[in-house]
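S.K.: The structure is given below, and queries will be raised subsequently.
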Amino acid sequence: MIRETLNGTWRMRRAGDSEEYPAAVPGSVLSALLDAGAVDDPFFRDNEYRMRELFWNDYEFIRSFTISAKQLSHEKIELVCHGLDTLAEVFVNGTGVAKTSDMHRTYRFSVKQLLHEGENEIRIVFFSTLRYIEDYRCEKGKEIGYIPSGSMRGNQYLRKAHSMFGWDWGAQLPDAGIWRDIELVCYSGARIADVKIRQRHEGGAVTLCVETALEILEEKNYKVSVTLAPSYFNGQKLPATEVLAKTAMVMAGTDRLDMELTVEKPRLWWPNGLGDQNLYCLHVGLKPAGEAAGGAAALQIIKTEPIDERDYTIGLRTLTVSQDEDEWGSEFCFQVNGVKLFSKGANYIPEDCLYSRITKQRIDMLLSSAKRANYNTIRVWGGGYYPSDNFYELCDRYGLIVWQDLMYACNVYELTEELEQNIIAETHDNVTRLRHHASLGLWCGNNEMESGWAHWPDFQLETPYARADYIKMFEYILPKALREADDTTFYWHSSPSSGGSFDNPDDADRGDTHYWAVWHGQLPFSDYQNHFFRFCSEFGFQSFPSYKTVESYTLPEDRNIFSRVMEDHQKNDAANGKMLYYLSENFRYPKDFNSLLYVTQILQAVAVKSGVEHWRRNRGRCMGTLYWQINDNWPVASWSSIDYFGRWKPLHYMAARFYAPAVGSIVRAAGAGDSCPVEAHCQNESPERVSVKVQMSLKTMAFEVLKTVQAEAVLEPFTACCLLKEDYEDFLLQEIRTSRPPEKRVDAALRHAREDVFVEAVFTITDEKRREIRQVEYEVLLPYKYMRLPEAAVKAEVTERADGTAYEIALTADAFTPFVTLDFDDADVIFSDNCIGITGSEPRVITLDKKDILRGGFQDAEDVQTRLKMMSLRDTYESHIR
């Protein structure tokens, strides 16, 4: 087999134009124009809308390539297009080969008859998707009116990433081009058409059942070999040792072979936080076999190079979703190697509007950030695309279970014959590509469509034909296509769902839930405590990105959140005002633009933290939280915890804390009248028993301890408990009665007393290896807007470690200082921690590892200290405000 890539430099032009631009492939129309300097940055100010207009045109990609006599000697030559976006016609040497209409498919076209020795030409025409959806007409009586928030009418008429037409966080940039690899594959005799790998776990051993399907061009005998070798153990890449191997013959007249390998002492794959991500390499090779000399019937192996081979990185594990019945209904949780785990993670969207920019390096940066934030699960949302192999390989290595949506979201579809053919082929292509990954946890049919059909008002206006088409697609056609390609991975009809067939898909006691009453419904953060979902797969809160990110798409005159440009970079209707509403409920009005951006990020972090901590406290009843969303696809105000440039918001730093395997939390619980109950909890999502001690203190702003209570407990693996509960009302009333003037009302005095104190909880968590973690949490007894926060003197002392690998930043303050956040104007870094509270006189030390300096650099510790910027909540409003 000979593979020849057609990646590289092509020529791109608008159809009918003579002017051409060099185009890197994989790439797109927009990437080629940007590289050539022919268009402006689509992310700057309101350029998005001018760039969108480019896609009313058709475009051509052209290149020459050379074919040798050796290549032409093969029986078959296929043009393999791993990603054509979207409406395309392919020509080879001027002859039409095929038309395509699904960017998610891999297309294979036989082209040998069109090639000749020497120079050849390939031309691919991409037709306007905007013109297509404008001209599209549904069958009479089946017209569709629904448009997803932020998107364009008709986006569902094409098998193209829906969010390329815009979403309530994304730009409307429906790009086009050769977005994945394109190659020629020349082969003779036979090739490996498919390899399906199943696992059987019995008696401590794992047997791999390897089913190899061949495409036979020449009827003769072939040899298939299967080898298994360790790849990554304990995060370290290993040489090929402990190899298991087996070889068998595929006799003439057959095109399939089943083989088994048994690993007697397997090293299992575990999600992040539960064990090691042990991985093996499975190699499948195909060679011809011939007869022995003299025509003997015995077969001998011809010592040749393989005519085809495949490599798969796999993990040995069992992974399913448990729906066992319990006292509350039916649980919904991932179960790995028999262990039921609480899922901790977020939702993933495409990392860029220009898909060619989604490199392995960017994917690694994002997923390593997920691992560092103690995720064990990530959901690939259904309105984007099926990520590259790199994405899943990194999820395997980082221990991130993948909740994989099929690419359907928030839409009403007309099930035509062409759509049915496309979605079956698309499912086969992507499921066979991804099913072997250790990280693959479930397939989900779509995002929010069953819920939409159940109760969204706009869905109820659609025709019953469209409702029937939904059932056909997601409860018959797609499950059947999935089972044919992967009959071992769990399938879930929709998210949210209780199991399909419109059976109360938002049921809190079954299946998964999307909860948006906090944010869209403008309910307070405390409302999370009223709900005990079995698995919350979407919830979230918006913030603006950092000032540095806002600078990238604005001019100074744009920097007002209600300016045209700032609203153009806010795709959720009225959301900037919604952030101000929540700000008014919790914090004082910020003094300037930069302070406003910062306060929205604190709001976001506190909102998501309150939800996650509540559901983790109710582990067993709730078994997962995936907040919306981890990332952005352009610089924008959104729900992300990491912005477009990879900058961690306070939410992501808080996620690293609230998603820690063993972690403490405190909450101001609901109380009657003037009561001030505060609870301290601990959650242990680790496979080890931990001991925990908590000291909870009521303190003045100057760190004076007014009252302290303590508790300790031993937590078994995968449990949660309440350690203590303290109501500060009686204590504060007693203080008031002994000190207040006779004429002062007790209720007013109690309110003022709460303004001058806060609660600190210090958790000491020790595991079975006697490793100790100290965690500090804090809470106030009133909304922060009523607190009399002093203007504390916050100081930073920066030193360099003796080994030169990192800087250490010791933070101190002379008074309570919540949400201290560090940054640099001229550098991007990831700190060991950030957005912390200074609750005592002892220093809080934050580390800056030199490998976490992403952009910019520092000469020494003094340079770090000079350029370091600090902001706390008290810095955001004028000193005269009380």
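Convention: chains lettered A, B, ... in structure tokens order; per-chain residue numbering from 1; ligands numbered from 1 as shown.
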Excluding same-chain residues fewer than 3 positions from A:Ile424, what lies within 8 Å of it counting only C-alpha atoms, as a ChimeraX atom specification?

M.R.: /A:420-421,427-428,477-478,481

S.K.: May I have the residues within 6 Å of stretch 252-262 of chain A as a PyMOL selection string, using only C-alpha atoms and disregarding those fewer than 3 positions away in the same chain?

M.R.: chain A and resi 206-214+219-221

S.K.: Write the selection just made, keeping N, CA, C and O atoms, as a compact mmCIF listing (two decimals), in the first residue's frame?

M.R.:
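result.txt, freshly written:
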```
# COMPACT_ATOMS: atom_id res chain seq x y z
N VAL A 206 -8.08 -10.19 31.01
CA VAL A 206 -8.83 -9.50 29.96
C VAL A 206 -8.52 -10.17 28.63
O VAL A 206 -7.35 -10.30 28.25
N THR A 207 -9.56 -10.59 27.95
CA THR A 207 -9.41 -11.17 26.62
C THR A 207 -9.86 -10.16 25.58
O THR A 207 -10.98 -9.63 25.67
N LEU A 208 -9.00 -9.89 24.63
CA LEU A 208 -9.33 -8.99 23.52
C LEU A 208 -9.83 -9.83 22.35
O LEU A 208 -9.15 -10.76 21.90
N CYS A 209 -11.02 -9.49 21.89
CA CYS A 209 -11.60 -10.15 20.72
C CYS A 209 -11.45 -9.19 19.55
O CYS A 209 -12.09 -8.12 19.53
N VAL A 210 -10.60 -9.54 18.60
CA VAL A 210 -10.25 -8.65 17.49
C VAL A 210 -10.89 -9.19 16.22
O VAL A 210 -10.53 -10.27 15.74
N GLU A 211 -11.83 -8.44 15.67
CA GLU A 211 -12.52 -8.82 14.44
C GLU A 211 -11.97 -7.97 13.30
O GLU A 211 -12.13 -6.75 13.30
N THR A 212 -11.33 -8.63 12.35
CA THR A 212 -10.73 -7.93 11.22
C THR A 212 -11.50 -8.22 9.95
O THR A 212 -11.69 -9.39 9.59
N ALA A 213 -11.97 -7.17 9.31
CA ALA A 213 -12.68 -7.30 8.03
C ALA A 213 -11.76 -6.80 6.92
O ALA A 213 -11.08 -5.77 7.09
N LEU A 214 -11.73 -7.54 5.81
CA LEU A 214 -10.84 -7.20 4.70
C LEU A 214 -11.65 -6.83 3.47
O LEU A 214 -12.77 -7.33 3.26
N GLU A 219 -8.50 -12.91 -4.97
CA GLU A 219 -8.86 -14.05 -4.14
C GLU A 219 -7.65 -14.96 -3.95
O GLU A 219 -7.25 -15.70 -4.85
N LYS A 220 -7.04 -14.87 -2.79
CA LYS A 220 -5.96 -15.78 -2.41
C LYS A 220 -5.87 -15.77 -0.89
O LYS A 220 -6.70 -15.16 -0.21
N ASN A 221 -4.88 -16.44 -0.35
CA ASN A 221 -4.73 -16.54 1.10
C ASN A 221 -3.94 -15.35 1.64
O ASN A 221 -2.98 -14.88 1.01
```

S.K.: Output as a Markdown table one row per residue of stretch 387-450 of chain A within 12 Å of stretch 511-515 of chain A: the closest atom pair and its distance in Å to one decimal place, counting only C-alpha atoms, sorted by chain and residue number ascending.

M.R.:
```
| residue | atom | partner | partner_atom | distance |
| --- | --- | --- | --- | --- |
| A:Trp403 | CA | A:Asp512 | CA | 12.0 |
| A:Cys444 | CA | A:Asp512 | CA | 11.3 |
| A:Asn447 | CA | A:His514 | CA | 9.9 |
| A:Glu448 | CA | A:His514 | CA | 8.3 |
| A:Met449 | CA | A:His514 | CA | 11.8 |
| A:Glu450 | CA | A:Thr513 | CA | 11.8 |
```

S.K.: Generate the output file for the selected residues, C-alpha atoms, as a compact mmCIF listing (two decimals), in the first residue's frame.

M.R.:
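Final file, part_9.txt:
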```txt
# COMPACT_ATOMS: atom_id res chain seq x y z
CA TRP A 403 -19.58 12.00 26.69
CA CYS A 444 -25.68 10.64 22.89
CA ASN A 447 -28.48 18.08 22.43
CA GLU A 448 -31.79 19.28 23.95
CA MET A 449 -34.08 18.18 21.13
CA GLU A 450 -36.21 15.70 23.08
```

S.K.: As number ranges by chain, which residues of stretch 15-241 of chain A does DSSP assign to strand (DSSP E or B)?

M.R.: A: 21-25, 59-67, 76-81, 84-85, 88-92, 95-100, 102, 107-110, 118-126, 159, 165-167, 170-172, 177-178, 182-187, 190-202, 205-216, 222-233, 236-237

S.K.: Would you mind reading off the distance between atom CA of A:Ile378 and atom CA of A:Ser497, one decimal, in Å?

M.R.: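 Interatomic distance, atom CA of A:Ile378 to atom CA of A:Ser497: 18.0 Å.
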
S.K.: Return as an MDAnalysis selection string the full set of residues in stretch 582-643 of chain A whose backbone-based DSSP assignment is helix (DSSP H, G or I).

M.R.: chainID A and resid 582:586 593:617

S.K.: Which residues, written as number ranges by chain, have at least one atom at most 12 Å from stretch 453-464 of chain A, with only C-alpha atoms counted and residues fewer than 2 positions away on the same chain left out?

M.R.: A: 138-149, 410-414, 447-451, 466-471, 494, 496-498, 500-507

S.K.: Hey, which of A:Leu115, A:Val25, A:Met579, A:Ala171 ends up closest to A:Arg50? Count only C-alpha atoms.

M.R.: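 The closest residue to A:Arg50 is A:Ala171.
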
S.K.: Which is closer to A:Val336 than all the others in A:Ala806, A:Leu268, A:Ala373, A:Ala517, using only C-alpha atoms?

M.R.: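 Nearest to A:Val336: A:Leu268.
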
S.K.: Report the closest atom pair, with its distance in Å rounded to one decimal, for each residue of stretch 552-599 of chain A that has an atom no farther than 9 Å from stretch 537-546 of chain A; count only C-alpha atoms, sort by chain and then rising residue number, and write it as JSON lines.

M.R.:
```
{"residue": "A:Gln570", "atom": "CA", "partner": "A:Phe544", "partner_atom": "CA", "distance": 8.9}
{"residue": "A:Ala575", "atom": "CA", "partner": "A:Gln542", "partner_atom": "CA", "distance": 8.0}
{"residue": "A:Asn576", "atom": "CA", "partner": "A:Phe544", "partner_atom": "CA", "distance": 8.8}
{"residue": "A:Met579", "atom": "CA", "partner": "A:Gln542", "partner_atom": "CA", "distance": 7.3}
{"residue": "A:Asn594", "atom": "CA", "partner": "A:Ser546", "partner_atom": "CA", "distance": 8.1}
{"residue": "A:Leu596", "atom": "CA", "partner": "A:Phe544", "partner_atom": "CA", "distance": 8.7}
{"residue": "A:Leu597", "atom": "CA", "partner": "A:Phe544", "partner_atom": "CA", "distance": 5.5}
{"residue": "A:Tyr598", "atom": "CA", "partner": "A:Ser546", "partner_atom": "CA", "distance": 7.1}
{"residue": "A:Val599", "atom": "CA", "partner": "A:Ser543", "partner_atom": "CA", "distance": 8.5}
```

S.K.: Write a file of the just-selected residues containing N, CA and C atoms, as a PDB file, in the first residue's frame.

M.R.:
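Contents of out12.pdb, freshly written:
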```
ATOM      1  N   GLN A 570     -21.346  39.494  22.130  1.00  0.00           N
ATOM      2  CA  GLN A 570     -22.234  38.883  23.124  1.00  0.00           C
ATOM      3  C   GLN A 570     -23.415  38.316  22.345  1.00  0.00           C
ATOM      4  N   ALA A 575     -27.838  39.459  27.476  1.00  0.00           N
ATOM      5  CA  ALA A 575     -27.006  38.847  28.521  1.00  0.00           C
ATOM      6  C   ALA A 575     -26.123  39.852  29.245  1.00  0.00           C
ATOM      7  N   ASN A 576     -25.680  40.902  28.564  1.00  0.00           N
ATOM      8  CA  ASN A 576     -24.877  41.900  29.281  1.00  0.00           C
ATOM      9  C   ASN A 576     -25.703  42.540  30.399  1.00  0.00           C
ATOM     10  N   MET A 579     -26.003  40.064  33.302  1.00  0.00           N
ATOM     11  CA  MET A 579     -24.846  40.082  34.211  1.00  0.00           C
ATOM     12  C   MET A 579     -24.948  41.253  35.180  1.00  0.00           C
ATOM     13  N   ASN A 594     -12.589  47.893  33.527  1.00  0.00           N
ATOM     14  CA  ASN A 594     -11.788  46.727  33.890  1.00  0.00           C
ATOM     15  C   ASN A 594     -12.338  46.060  35.143  1.00  0.00           C
ATOM     16  N   LEU A 596     -15.413  46.070  36.115  1.00  0.00           N
ATOM     17  CA  LEU A 596     -16.658  45.410  35.744  1.00  0.00           C
ATOM     18  C   LEU A 596     -16.378  44.039  35.131  1.00  0.00           C
ATOM     19  N   LEU A 597     -15.397  43.963  34.235  1.00  0.00           N
ATOM     20  CA  LEU A 597     -15.045  42.665  33.647  1.00  0.00           C
ATOM     21  C   LEU A 597     -14.663  41.673  34.734  1.00  0.00           C
ATOM     22  N   TYR A 598     -13.834  42.119  35.656  1.00  0.00           N
ATOM     23  CA  TYR A 598     -13.369  41.259  36.744  1.00  0.00           C
ATOM     24  C   TYR A 598     -14.531  40.780  37.610  1.00  0.00           C
ATOM     25  N   VAL A 599     -15.445  41.674  37.977  1.00  0.00           N
ATOM     26  CA  VAL A 599     -16.540  41.297  38.860  1.00  0.00           C
ATOM     27  C   VAL A 599     -17.448  40.260  38.181  1.00  0.00           C
TER      28      VAL A 599
END
```

S.K.: Need the shell around A:Val608: protein/DNA/RNA residues with any atom at most 12 Å away, counting only C-alpha atoms. Skip same-chain ones fewer than 5 positions apart. Format as a VMD selection string?

M.R.: chain A and resid 345 to 346 515 to 516 518 to 519 524 to 528 536 538 to 543 601 to 603 613 to 615 625 to 630 639 to 641 650 to 655 658 to 659

S.K.: Convert the current residue selection to file output with C-alpha atoms, as a PDB file, in the first residue's frame.

M.R.:
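File result_37.pdb, as written:
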```pdb
ATOM      1  CA  GLY A 345     -16.105  18.304  34.113  1.00  0.00           C
ATOM      2  CA  ALA A 346     -17.558  20.641  31.526  1.00  0.00           C
ATOM      3  CA  TYR A 515     -30.648  23.385  34.502  1.00  0.00           C
ATOM      4  CA  TRP A 516     -30.811  27.019  33.414  1.00  0.00           C
ATOM      5  CA  VAL A 518     -30.010  30.213  37.357  1.00  0.00           C
ATOM      6  CA  TRP A 519     -28.920  32.469  34.466  1.00  0.00           C
ATOM      7  CA  PRO A 524     -30.447  33.373  42.681  1.00  0.00           C
ATOM      8  CA  PHE A 525     -27.452  31.080  43.076  1.00  0.00           C
ATOM      9  CA  SER A 526     -29.084  29.633  46.186  1.00  0.00           C
ATOM     10  CA  ASP A 527     -31.728  28.033  43.982  1.00  0.00           C
ATOM     11  CA  TYR A 528     -29.252  25.270  43.131  1.00  0.00           C
ATOM     12  CA  CYS A 536     -26.515  17.760  35.719  1.00  0.00           C
ATOM     13  CA  GLU A 538     -25.515  21.493  31.586  1.00  0.00           C
ATOM     14  CA  PHE A 539     -25.714  24.560  33.802  1.00  0.00           C
ATOM     15  CA  GLY A 540     -23.625  27.686  33.811  1.00  0.00           C
ATOM     16  CA  PHE A 541     -23.146  31.395  34.143  1.00  0.00           C
ATOM     17  CA  GLN A 542     -21.632  34.008  31.841  1.00  0.00           C
ATOM     18  CA  SER A 543     -18.756  36.395  32.281  1.00  0.00           C
ATOM     19  CA  GLN A 601     -15.772  36.694  36.336  1.00  0.00           C
ATOM     20  CA  ILE A 602     -16.114  36.486  40.126  1.00  0.00           C
ATOM     21  CA  LEU A 603     -19.893  36.210  39.744  1.00  0.00           C
ATOM     22  CA  GLU A 613     -20.520  22.001  45.701  1.00  0.00           C
ATOM     23  CA  HIS A 614     -24.226  21.430  46.393  1.00  0.00           C
ATOM     24  CA  TRP A 615     -24.410  18.451  44.038  1.00  0.00           C
ATOM     25  CA  THR A 625     -21.830  17.925  37.022  1.00  0.00           C
ATOM     26  CA  LEU A 626     -20.694  19.174  33.634  1.00  0.00           C
ATOM     27  CA  TYR A 627     -20.825  22.944  33.603  1.00  0.00           C
ATOM     28  CA  TRP A 628     -21.332  24.904  30.424  1.00  0.00           C
ATOM     29  CA  GLN A 629     -18.652  25.446  29.041  1.00  0.00           C
ATOM     30  CA  ILE A 630     -14.878  24.988  29.206  1.00  0.00           C
ATOM     31  CA  TRP A 639     -20.049  30.823  29.818  1.00  0.00           C
ATOM     32  CA  SER A 640     -16.470  29.567  29.319  1.00  0.00           C
ATOM     33  CA  SER A 641     -13.948  28.999  32.099  1.00  0.00           C
ATOM     34  CA  PRO A 650     -11.301  32.623  37.968  1.00  0.00           C
ATOM     35  CA  LEU A 651     -13.873  29.881  37.350  1.00  0.00           C
ATOM     36  CA  HIS A 652     -11.223  27.493  36.052  1.00  0.00           C
ATOM     37  CA  TYR A 653      -9.003  28.084  39.073  1.00  0.00           C
ATOM     38  CA  MET A 654     -12.006  27.511  41.325  1.00  0.00           C
ATOM     39  CA  ALA A 655     -12.858  24.357  39.363  1.00  0.00           C
ATOM     40  CA  PHE A 658     -14.074  22.400  43.868  1.00  0.00           C
ATOM     41  CA  TYR A 659     -13.340  19.382  41.629  1.00  0.00           C
TER      42      TYR A 659
END
```

S.K.: Which residues are close to A:Ala713, i.e. within 12 Å by only C-alpha atoms, leaving aside same-chain residues fewer than 2 positions away? Reply as a ChimeraX atom specification.

M.R.: /A:664,680-684,689-694,710-711,715-716,719-724,763-766

S.K.: Could you write those residues out with N, CA and C atoms, as a PDB file, in the first residue's frame?

M.R.:
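Contents of the output file out_1.pdb:
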```pdb
ATOM      1  N   GLY A 664     -13.132  19.963  50.888  1.00  0.00           N
ATOM      2  CA  GLY A 664     -14.103  20.507  51.819  1.00  0.00           C
ATOM      3  C   GLY A 664     -14.878  21.646  51.186  1.00  0.00           C
ATOM      4  N   ALA A 680     -20.285  22.896  57.213  1.00  0.00           N
ATOM      5  CA  ALA A 680     -19.020  22.444  56.637  1.00  0.00           C
ATOM      6  C   ALA A 680     -19.180  20.994  56.199  1.00  0.00           C
ATOM      7  N   HIS A 681     -18.814  20.720  54.956  1.00  0.00           N
ATOM      8  CA  HIS A 681     -18.953  19.381  54.379  1.00  0.00           C
ATOM      9  C   HIS A 681     -17.615  18.921  53.830  1.00  0.00           C
ATOM     10  N   CYS A 682     -17.535  17.610  53.586  1.00  0.00           N
ATOM     11  CA  CYS A 682     -16.362  17.067  52.888  1.00  0.00           C
ATOM     12  C   CYS A 682     -16.837  15.997  51.922  1.00  0.00           C
ATOM     13  N   GLN A 683     -16.232  15.973  50.743  1.00  0.00           N
ATOM     14  CA  GLN A 683     -16.550  14.986  49.719  1.00  0.00           C
ATOM     15  C   GLN A 683     -15.274  14.241  49.343  1.00  0.00           C
ATOM     16  N   ASN A 684     -15.352  12.930  49.263  1.00  0.00           N
ATOM     17  CA  ASN A 684     -14.182  12.113  48.933  1.00  0.00           C
ATOM     18  C   ASN A 684     -14.480  11.296  47.686  1.00  0.00           C
ATOM     19  N   ARG A 689      -9.462   5.868  51.614  1.00  0.00           N
ATOM     20  CA  ARG A 689     -10.060   6.472  52.794  1.00  0.00           C
ATOM     21  C   ARG A 689      -9.263   7.730  53.146  1.00  0.00           C
ATOM     22  N   VAL A 690      -9.937   8.787  53.562  1.00  0.00           N
ATOM     23  CA  VAL A 690      -9.244   9.999  53.997  1.00  0.00           C
ATOM     24  C   VAL A 690      -9.766  10.401  55.368  1.00  0.00           C
ATOM     25  N   SER A 691      -8.881  11.012  56.142  1.00  0.00           N
ATOM     26  CA  SER A 691      -9.306  11.628  57.399  1.00  0.00           C
ATOM     27  C   SER A 691      -9.337  13.132  57.198  1.00  0.00           C
ATOM     28  N   VAL A 692     -10.310  13.774  57.788  1.00  0.00           N
ATOM     29  CA  VAL A 692     -10.462  15.212  57.596  1.00  0.00           C
ATOM     30  C   VAL A 692     -10.724  15.877  58.939  1.00  0.00           C
ATOM     31  N   LYS A 693     -10.083  17.007  59.120  1.00  0.00           N
ATOM     32  CA  LYS A 693     -10.336  17.865  60.272  1.00  0.00           C
ATOM     33  C   LYS A 693     -10.734  19.237  59.743  1.00  0.00           C
ATOM     34  N   VAL A 694     -11.708  19.852  60.378  1.00  0.00           N
ATOM     35  CA  VAL A 694     -12.101  21.186  59.974  1.00  0.00           C
ATOM     36  C   VAL A 694     -12.177  22.075  61.205  1.00  0.00           C
ATOM     37  N   GLN A 710     -14.824  22.938  65.896  1.00  0.00           N
ATOM     38  CA  GLN A 710     -13.995  21.967  65.191  1.00  0.00           C
ATOM     39  C   GLN A 710     -14.747  20.660  65.034  1.00  0.00           C
ATOM     40  N   ALA A 711     -14.336  19.892  64.055  1.00  0.00           N
ATOM     41  CA  ALA A 711     -14.878  18.549  63.858  1.00  0.00           C
ATOM     42  C   ALA A 711     -13.873  17.740  63.069  1.00  0.00           C
ATOM     43  N   LEU A 715     -13.584   9.587  56.101  1.00  0.00           N
ATOM     44  CA  LEU A 715     -14.475   9.357  54.962  1.00  0.00           C
ATOM     45  C   LEU A 715     -13.996   8.151  54.172  1.00  0.00           C
ATOM     46  N   GLU A 716     -14.909   7.223  53.962  1.00  0.00           N
ATOM     47  CA  GLU A 716     -14.623   6.086  53.106  1.00  0.00           C
ATOM     48  C   GLU A 716     -14.540   6.565  51.650  1.00  0.00           C
ATOM     49  N   THR A 719     -17.570   8.865  49.090  1.00  0.00           N
ATOM     50  CA  THR A 719     -18.631   9.252  50.022  1.00  0.00           C
ATOM     51  C   THR A 719     -18.573  10.755  50.261  1.00  0.00           C
ATOM     52  N   ALA A 720     -19.619  11.269  50.888  1.00  0.00           N
ATOM     53  CA  ALA A 720     -19.691  12.675  51.281  1.00  0.00           C
ATOM     54  C   ALA A 720     -20.402  12.751  52.619  1.00  0.00           C
ATOM     55  N   CYS A 721     -20.051  13.761  53.415  1.00  0.00           N
ATOM     56  CA  CYS A 721     -20.727  13.896  54.702  1.00  0.00           C
ATOM     57  C   CYS A 721     -20.709  15.352  55.163  1.00  0.00           C
ATOM     58  N   CYS A 722     -21.640  15.681  56.047  1.00  0.00           N
ATOM     59  CA  CYS A 722     -21.656  16.977  56.709  1.00  0.00           C
ATOM     60  C   CYS A 722     -20.844  16.839  57.992  1.00  0.00           C
ATOM     61  N   LEU A 723     -19.847  17.695  58.161  1.00  0.00           N
ATOM     62  CA  LEU A 723     -18.963  17.622  59.320  1.00  0.00           C
ATOM     63  C   LEU A 723     -19.516  18.391  60.508  1.00  0.00           C
ATOM     64  N   LEU A 724     -20.063  19.557  60.242  1.00  0.00           N
ATOM     65  CA  LEU A 724     -20.629  20.339  61.341  1.00  0.00           C
ATOM     66  C   LEU A 724     -21.547  21.416  60.793  1.00  0.00           C
ATOM     67  N   PHE A 763      -9.690  23.248  56.327  1.00  0.00           N
ATOM     68  CA  PHE A 763      -9.780  21.788  56.242  1.00  0.00           C
ATOM     69  C   PHE A 763      -8.369  21.214  56.146  1.00  0.00           C
ATOM     70  N   THR A 764      -8.124  20.168  56.894  1.00  0.00           N
ATOM     71  CA  THR A 764      -6.891  19.399  56.767  1.00  0.00           C
ATOM     72  C   THR A 764      -7.283  17.985  56.387  1.00  0.00           C
ATOM     73  N   ILE A 765      -6.925  17.593  55.168  1.00  0.00           N
ATOM     74  CA  ILE A 765      -7.330  16.299  54.627  1.00  0.00           C
ATOM     75  C   ILE A 765      -6.089  15.437  54.459  1.00  0.00           C
ATOM     76  N   THR A 766      -6.101  14.247  55.046  1.00  0.00           N
ATOM     77  CA  THR A 766      -4.943  13.348  55.036  1.00  0.00           C
ATOM     78  C   THR A 766      -5.348  12.017  54.434  1.00  0.00           C
TER      79      THR A 766
END
```

S.K.: Please provide as a list in words all residues within 9 Å of A:Asp85, with the sequence filter that same-chain residues fewer than 2 positions apart are discarded (counting only C-alpha atoms).

M.R.: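 Final neighbour list, sorted by chain and number: Ser28, Gly83, Leu87, Ala88, Thr100, Ser101, Asp102, Met103, His104, Phe126, Lys160, Asp175, Ala176, Gly177, Ile178 and Trp179 of chain A.
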
S.K.: Extract, using only C-alpha atoms, all DNA, RNA and protein residues at most 6 Å from A:Lys571, discarding same-chain residues fewer than 5 positions from it, and format them as a list of chain:residue names.

M.R.: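 Once the nearby chain positions are removed, what remains is A:Gly150, A:Asp168, A:Trp169.
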
S.K.: Between A:Pro42, A:Gly521, A:Pro306, A:Pro271, which has the minimum distance to A:Pro174 (counting only C-alpha atoms)?

M.R.: A:Pro42

S.K.: Could you check which of A:Tyr49, A:Phe819, A:Trp270, A:Tyr778 is closest to A:Val667, using only C-alpha atoms?

M.R.: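 For A:Val667, the nearest of the given residues is A:Tyr778.
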
S.K.: Please determine, counting only C-alpha atoms, which residue among A:Val612, A:Ala827, A:Glu78, A:Ile666 has the shortest atom-to-atom distance to A:Val762.

M.R.: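 Of all the options, A:Ile666 lies closest to A:Val762.
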
S.K.: When you draw a straight line from atom CA of A:Gly856 to atom CA of A:Ala656, how long is it in Å?

M.R.: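 One can read the atom CA of A:Gly856 to atom CA of A:Ala656 distance as 24.2 Å.
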